[in-house]
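Engineer: Mind looking over this structure? Questions follow.
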Amino acid sequence: MSEQYVLDLQELDATRVADVGGKAAHLGELSRIEGIRVPDGFCVTTDAFRRVMADAPAIDDLLDELARLGPDDREAVRALGARIRRTVEETVVPDELAAAVTAALVRFGAQGAYAVRSSATAEDLPTASFAGQQDTYLNVVGPAEILRHVSRCWASLFTERAVTYRQRGGIDHRTVRMAVVVQRMVLPQASGVLFTADPVTGHRKVATVDAGFGLGEALVSGLVNPDVFKVRGGEVVDRAIAAKRIAVQPLPGGGTREVAIGPEQQEQPALTDAQAVRLVELGRRIEAHFGHPQDIEWCLADDDFRIVQSRPITTLFPVPRSDDREHHVYVSVGHGQMMTDPMKPLGLSMWQLTAMVPMHEAGGRLFVDVAPRLASPVSRAGLLEVLGRGDPLVRDALETVLEHGDLVPSLPDPSPGGDPADPPADHPSDESEQDPARTDPAVVAELIERSRASVAALERGIRSKTGPALFDFLLEAFEEHKRVLSDPLNIQAVMTAMEATWWLNDKLQEWLGEKSAADTLTLSAPDNITSEMGLELLDVADVIRPHPEVVAFLQGVQDDGFLDELPKLAGGTEARAAIKAYLDRYGMRCAGEIDITRPRWRERPGTLVPAILDNVRNFEPGAAERRFEQGRQKAQQKEQDVLARLRALPDGDRKADRTKRMIDQVRAFIGYREYPKYGIISRYFVYKQALLAEAGRLVQAGVLTEREDVFHLTFQEFHDLVRSRQLDDGLIERREEAFRSCHALTPPRVLTSDGEALSGAYRRDDVPDGALVGLPVSAGTVEGRARVVLDMAAADLEAGDILVTTFTDPSWSPLFVGIAGLVTEVGGLMTHGAVIAREYGLPTVVGVQQATRLIRDGQRIRVHGTDGYVELLP
């Protein structure tokens, strides 16, 4: 096939991205939409770019050198990018290419004014817009000047910002090709940008129009503030008219200039309301054509809108798919689970299959629809009460939704049979609003034994299962999984602990003026599997500490095969046995453990080595037993103090007796609060081992390349693959790319079916200026060095440090024994991290938005765990 150097825009559509880049392909598509006017023009194709790059001297060596640089090598990227740009711009355009461009210009008017615009193949994609990464030149006149600016567009592929953008996105520089769009200039009265969804809130039914006088460069470059129109339902619902003192206008001979706007016109709107509404109607056509909210550049000339660019808005959080037209209000599962990272498809589908309520996926995260609960006044009050106690930001976000009035209808209260749409504050099994009856503490031991027996039966039953029979067995196992979690006794035990904690905090503040008294009363509570996990790693350190050769060896561990090397060292056999025993009990855990695809400690034991070494360095022998006993004594002393003070009050004996019963209740049951999650993750590890073994058989059969490829399939797709042994070409690669793109999205606490993403606000005025506001979950005040840690395996903590991180699930608990305080961006009053922080007596504030960005690693901070804020110290 011969090379095509020039194609008219009308010849293009979305299938031609490889030939003409994202911008040109979009323009071609736009020109096909009824009622949408696109300025005439043509595209200089990627064939032309390849031809010029092939002629450019030493370009291959320069690209090899560029590929070796990292995105943080700013000076090297800048210097090498400049060399590549010079090389491209100085390369002579071949005669046949120049002739093709000149012929196209003759068709559209050789001496007319044109916009010359870059159109890269990795641009204007659904997952990455690359907005502003390459160059645009306006009002270019004459064939020679247009060819020169085409070369400049090619070269702009190697600006520092474009190179760095690709490096951070993991995109190979050699795979990106550059085409160039050449379009007749529009001389507009006004221009700007239309977002068919609100770019701030994400609301899909609210369009935002930014408008200014003259060419759009004044807005894009920040020379002027735009007029902003909000349009919904065919009318302008809000407008802000800016003082526009400058416009960018074309010069007769080419180029542009800044022009002052007269005082009488500066505060006149650039568009009428009717024009803004008409523009949004055009935008809705474009959005419907592409099937995704759009960021559209437009010009207004002679009361006629011309569309000069449209790209997907890639920053919006996706909305869960729904087969109906009803309004939905989704609450984030990840915020309750302390794991807001995206999950791979197998992880998502496994959690959905084992959850107690329907869960909906969007952006690689899971959500529960609470609209039915919000629609009824009585169930609404209960929902807001429970969620508000756990995380006030969720409650605030839901109240904001309710204030809209048009999203959640008010329905009759549900029948006495109950409402099946109970949302999970933590795990679906943890959520119940029934009043817990007084229960015998002996049920905790019974429930733990039931869970152990269930896991043991699962292990026995799954051993012989392979192929389709394995998946049939697992579907039955998931029903047993849910039966264990929904056991009324299990729910009652969990709720007894939570209700008793709330009662103590409420009543002791009311009667004694004491905040968060339950935090001390629950220290060293029995049967807390997660706090035991942290203390038992101290015991492992006790075994290792006396053996310097083992300690030195562990300091140099680079991979996960170190356990087999330990017996070669003095004391290594004992060290290996201690670590193995720990992994036998806790090795199914890991960071982000609700995603079955995450590597477990037993799969990557090296993850634990930094925590073990910290314990060896920071603690004396016997620390675990001492810490537990100290906590138990503090709780006992607190109990005695509280009861004595209550008895001195009017009606004190009755208050003290009630309080004593609740203290006994919370100490008996609060530890069990952690066990259902341990049971879930224990079962998950059994599922995972069996599924990976099945994936290994598919690799041996040549169906898969790697076992971990199945992580990018749903459970049902994996099941189908085992039966059919047929995998769609490119599916795994597409899923990997989609998963990577999900990392750029920040999940909201609450999401509506209209796309509005809400994270809530604290609305407090009792916090010092400059302090970071959060939710108090573990009482006390502590000052120390902040250690911002995003990966548990990279933690390097000293005694007295304050851990600052995004979220902590149970796998982080081994780090809690060595720190003095905790600050997280995500969390609630009864999430696992909060429970263990109280168990260890760590002053803790959670839900501190952007804590890992606003607090510098090594900075001194003061954590007010009782009042819920963090001070940044000089």
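The chains in the structure tokens are called A, B, ... from first to last as shown; in each chain the residues are counted from 1, and the ligands are counted from 1 in the order shown.
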May I have the residues within 8 Å of region 705-719 of chain A as a PyMOL selection string, using only C-alpha atoms and disregarding those fewer than 2 positions away in the same chain?

Structural biologist: chain A and resi 344-350+468+471+597+692+695-696+698-699+702-703+721-723+732+735-736

Engineer: Which residues in region 537-706 of chain A does DSSP call helix (DSSP H, G or I)? List them as an NGL selection string.

Structural biologist: :A and (537-544 or 548-555 or 562-568 or 572-586 or 605-618 or 623-647 or 652-669 or 671-700)

Engineer: Using only C-alpha atoms for the distances, tell me which of A:Ile33, A:Ala497, A:Leu157, A:Leu12 is nearest to Leu282 (chain A).

Structural biologist: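 Smallest separation from Leu282 (chain A) among the options: A:Ile33.
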
Engineer: Out of A:Val92, A:Val835, A:Val141, A:Val394, which residue has the shortest atom-to-atom distance to Glu674 (chain A) when counting only C-alpha atoms?

Structural biologist: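 The answer is A:Val835, which sits nearest to Glu674 (chain A).
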
Engineer: Give me, as a PyMOL selection string, all polymer residues having an atom no more than 8 Å from region 612-621 of chain A, counting only C-alpha atoms and skipping those fewer than 3 positions away in the same chain.

Structural biologist: chain A and resi 537-538+540-542+544-545+551+554-555+608-609+796-799+818

Engineer: Could you dump the residues just selected with all heavy atoms as a short mmCIF file (atom, residue, chain, number, x, y, z; two decimals), in the first residue's frame?

Structural biologist:
```
data_model
loop_
_atom_site.label_atom_id
_atom_site.label_comp_id
_atom_site.auth_asym_id
_atom_site.auth_seq_id
_atom_site.Cartn_x
_atom_site.Cartn_y
_atom_site.Cartn_z
N LEU A 537 4.21 -10.36 65.98
CA LEU A 537 5.40 -10.04 65.20
C LEU A 537 6.51 -9.52 66.12
O LEU A 537 7.69 -9.66 65.81
CB LEU A 537 5.08 -9.03 64.10
CG LEU A 537 6.08 -9.02 62.92
CD1 LEU A 537 6.07 -10.36 62.20
CD2 LEU A 537 5.75 -7.91 61.94
N LEU A 538 6.12 -8.93 67.26
CA LEU A 538 7.13 -8.59 68.28
C LEU A 538 7.77 -9.85 68.83
O LEU A 538 8.98 -9.89 69.09
CB LEU A 538 6.47 -7.80 69.42
CG LEU A 538 6.07 -6.36 69.14
CD1 LEU A 538 5.28 -5.80 70.33
CD2 LEU A 538 7.28 -5.48 68.86
N VAL A 540 8.18 -12.61 67.15
CA VAL A 540 9.11 -13.07 66.10
C VAL A 540 10.42 -12.31 66.21
O VAL A 540 11.51 -12.91 66.11
CB VAL A 540 8.47 -12.87 64.70
CG1 VAL A 540 9.50 -13.16 63.60
CG2 VAL A 540 7.25 -13.75 64.52
N ALA A 541 10.34 -11.01 66.45
CA ALA A 541 11.57 -10.21 66.61
C ALA A 541 12.38 -10.70 67.81
O ALA A 541 13.62 -10.68 67.77
CB ALA A 541 11.21 -8.74 66.77
N ASP A 542 11.71 -11.13 68.88
CA ASP A 542 12.43 -11.65 70.05
C ASP A 542 13.25 -12.88 69.70
O ASP A 542 14.36 -13.08 70.24
CB ASP A 542 11.43 -12.01 71.16
CG ASP A 542 10.86 -10.77 71.85
OD1 ASP A 542 11.34 -9.65 71.55
OD2 ASP A 542 9.94 -10.93 72.68
N ILE A 544 14.57 -13.49 66.75
CA ILE A 544 15.64 -13.10 65.80
C ILE A 544 16.70 -12.24 66.46
O ILE A 544 17.90 -12.35 66.14
CB ILE A 544 14.99 -12.37 64.60
CG1 ILE A 544 14.18 -13.37 63.77
CG2 ILE A 544 16.02 -11.64 63.75
CD1 ILE A 544 13.31 -12.73 62.71
N ARG A 545 16.32 -11.40 67.40
CA ARG A 545 17.21 -10.39 67.98
C ARG A 545 18.54 -10.96 68.50
O ARG A 545 19.60 -10.33 68.30
CB ARG A 545 16.48 -9.62 69.08
CG ARG A 545 17.23 -8.36 69.54
CD ARG A 545 16.44 -7.63 70.62
NE ARG A 545 15.20 -7.04 70.12
CZ ARG A 545 14.01 -7.54 70.36
NH1 ARG A 545 13.86 -8.63 71.09
NH2 ARG A 545 12.93 -6.96 69.86
N VAL A 551 20.12 -11.08 61.70
CA VAL A 551 19.71 -9.68 61.55
C VAL A 551 20.41 -9.05 60.35
O VAL A 551 19.78 -8.37 59.51
CB VAL A 551 19.99 -8.88 62.83
CG1 VAL A 551 19.71 -7.40 62.61
CG2 VAL A 551 19.17 -9.41 64.00
N LEU A 554 18.93 -10.38 57.10
CA LEU A 554 17.61 -9.82 56.80
C LEU A 554 17.72 -8.39 56.28
O LEU A 554 16.90 -7.95 55.46
CB LEU A 554 16.71 -9.87 58.03
CG LEU A 554 16.26 -11.27 58.48
CD1 LEU A 554 15.43 -11.18 59.75
CD2 LEU A 554 15.46 -11.97 57.38
N GLN A 555 18.72 -7.65 56.75
CA GLN A 555 18.89 -6.27 56.27
C GLN A 555 19.24 -6.20 54.79
O GLN A 555 19.02 -5.18 54.14
CB GLN A 555 19.98 -5.58 57.10
CG GLN A 555 19.53 -5.27 58.53
CD GLN A 555 20.66 -4.82 59.42
OE1 GLN A 555 21.84 -5.05 59.12
NE2 GLN A 555 20.32 -4.19 60.54
N LEU A 608 7.24 -8.49 55.07
CA LEU A 608 7.26 -8.36 56.53
C LEU A 608 8.64 -8.00 57.08
O LEU A 608 8.74 -7.60 58.24
CB LEU A 608 6.81 -9.67 57.18
CG LEU A 608 5.34 -10.03 57.01
CD1 LEU A 608 5.08 -11.43 57.54
CD2 LEU A 608 4.45 -9.02 57.73
N VAL A 609 9.67 -8.17 56.29
CA VAL A 609 11.04 -8.00 56.81
C VAL A 609 11.29 -6.61 57.39
O VAL A 609 11.84 -6.48 58.49
CB VAL A 609 12.08 -8.36 55.73
CG1 VAL A 609 13.49 -7.96 56.17
CG2 VAL A 609 12.03 -9.87 55.45
N ASP A 796 10.06 2.73 57.18
CA ASP A 796 11.29 2.80 57.98
C ASP A 796 10.97 3.68 59.18
O ASP A 796 11.13 4.89 59.14
CB ASP A 796 12.43 3.39 57.14
CG ASP A 796 13.73 3.46 57.93
OD1 ASP A 796 13.83 2.79 58.98
OD2 ASP A 796 14.65 4.19 57.49
N LEU A 797 10.48 3.04 60.23
CA LEU A 797 9.92 3.77 61.36
C LEU A 797 10.79 3.65 62.60
O LEU A 797 11.38 2.60 62.86
CB LEU A 797 8.51 3.23 61.69
CG LEU A 797 7.49 3.35 60.55
CD1 LEU A 797 6.27 2.52 60.87
CD2 LEU A 797 7.11 4.80 60.34
N GLU A 798 10.85 4.74 63.34
CA GLU A 798 11.52 4.76 64.64
C GLU A 798 10.45 4.89 65.72
O GLU A 798 9.34 5.37 65.47
CB GLU A 798 12.48 5.96 64.72
CG GLU A 798 13.60 5.95 63.69
CD GLU A 798 14.69 4.94 63.99
OE1 GLU A 798 14.69 4.41 65.12
OE2 GLU A 798 15.54 4.70 63.12
N ALA A 799 10.81 4.47 66.93
CA ALA A 799 9.88 4.62 68.05
C ALA A 799 9.51 6.09 68.20
O ALA A 799 10.38 6.97 68.13
CB ALA A 799 10.52 4.10 69.33
N GLY A 818 4.89 0.02 66.88
CA GLY A 818 6.10 0.82 67.03
C GLY A 818 5.92 2.30 66.82
O GLY A 818 6.90 3.05 66.85
#
```

Engineer: Which of these residues is nearest to Lys638 (chain A), using only C-alpha atoms: A:Val788, A:Val686, A:Ala834, A:Leu521?

Structural biologist: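 Among the listed residues, A:Leu521 lies closest to Lys638 (chain A).
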
Engineer: Kindly indicate which residue among A:Asp657, A:Asp809, A:Asp227, A:Glu733 lies nearest to Arg589 (chain A), using only C-alpha atoms for the distances.

Structural biologist: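 Going through A:Asp657, A:Asp809, A:Asp227, A:Glu733 one by one, the smallest distance to Arg589 (chain A) is for A:Asp809.
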
Engineer: Region 499-543 of chain A near region 623-634 of chain A within 8 Å: what's each residue's closest atom pair and its distance in Å to one decimal, counting only C-alpha atoms, ordered by chain then ascending residue number, as CSV?

Structural biologist:
```
residue,atom,partner,partner_atom,distance
A:Thr520,CA,A:Lys634,CA,7.0
A:Leu521,CA,A:Lys634,CA,7.8
A:Leu523,CA,A:Gly631,CA,5.0
A:Ser524,CA,A:Arg632,CA,5.1
A:Ala525,CA,A:Arg632,CA,7.3
A:Leu535,CA,A:Ala624,CA,5.0
A:Glu536,CA,A:Ala624,CA,7.0
A:Leu538,CA,A:Ala624,CA,5.8
A:Asp539,CA,A:Ala624,CA,6.6
```

Engineer: Rounded to one decimal, what separation in Å do you get between CA of Thr866 (chain A) and CA of Arg838 (chain A)?

Structural biologist: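 Value for the CA of Thr866 (chain A)-CA of Arg838 (chain A) distance: 11.3 Å.
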
Engineer: Find the residue from A:Ala190, A:Ala197, A:Ile861, A:Leu504 that sits nearest to Lys655 (chain A); use only C-alpha atoms when measuring.

Structural biologist: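 So, comparing all the options, the nearest one is A:Leu504.
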
Engineer: Distance CA of Ser451 (chain A)-CA of Pro358 (chain A), one decimal place?

Structural biologist: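 Straight-line distance from CA of Ser451 (chain A) to CA of Pro358 (chain A) works out to 23.4 Å.
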
Engineer: Would you mind listing what lies within 8 Å of region 247-263 of chain A as a list in words, with only C-alpha atoms counted and same-chain residues fewer than 4 positions away left out?

Structural biologist: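 Once the adjacent positions are removed, what remains is Ala113, Leu138, Asn139, Val140, Val141, Leu187, Gly212, Phe213, Gly214, Leu215, Gly216, Glu217, Ala218 and Glu267 of chain A.
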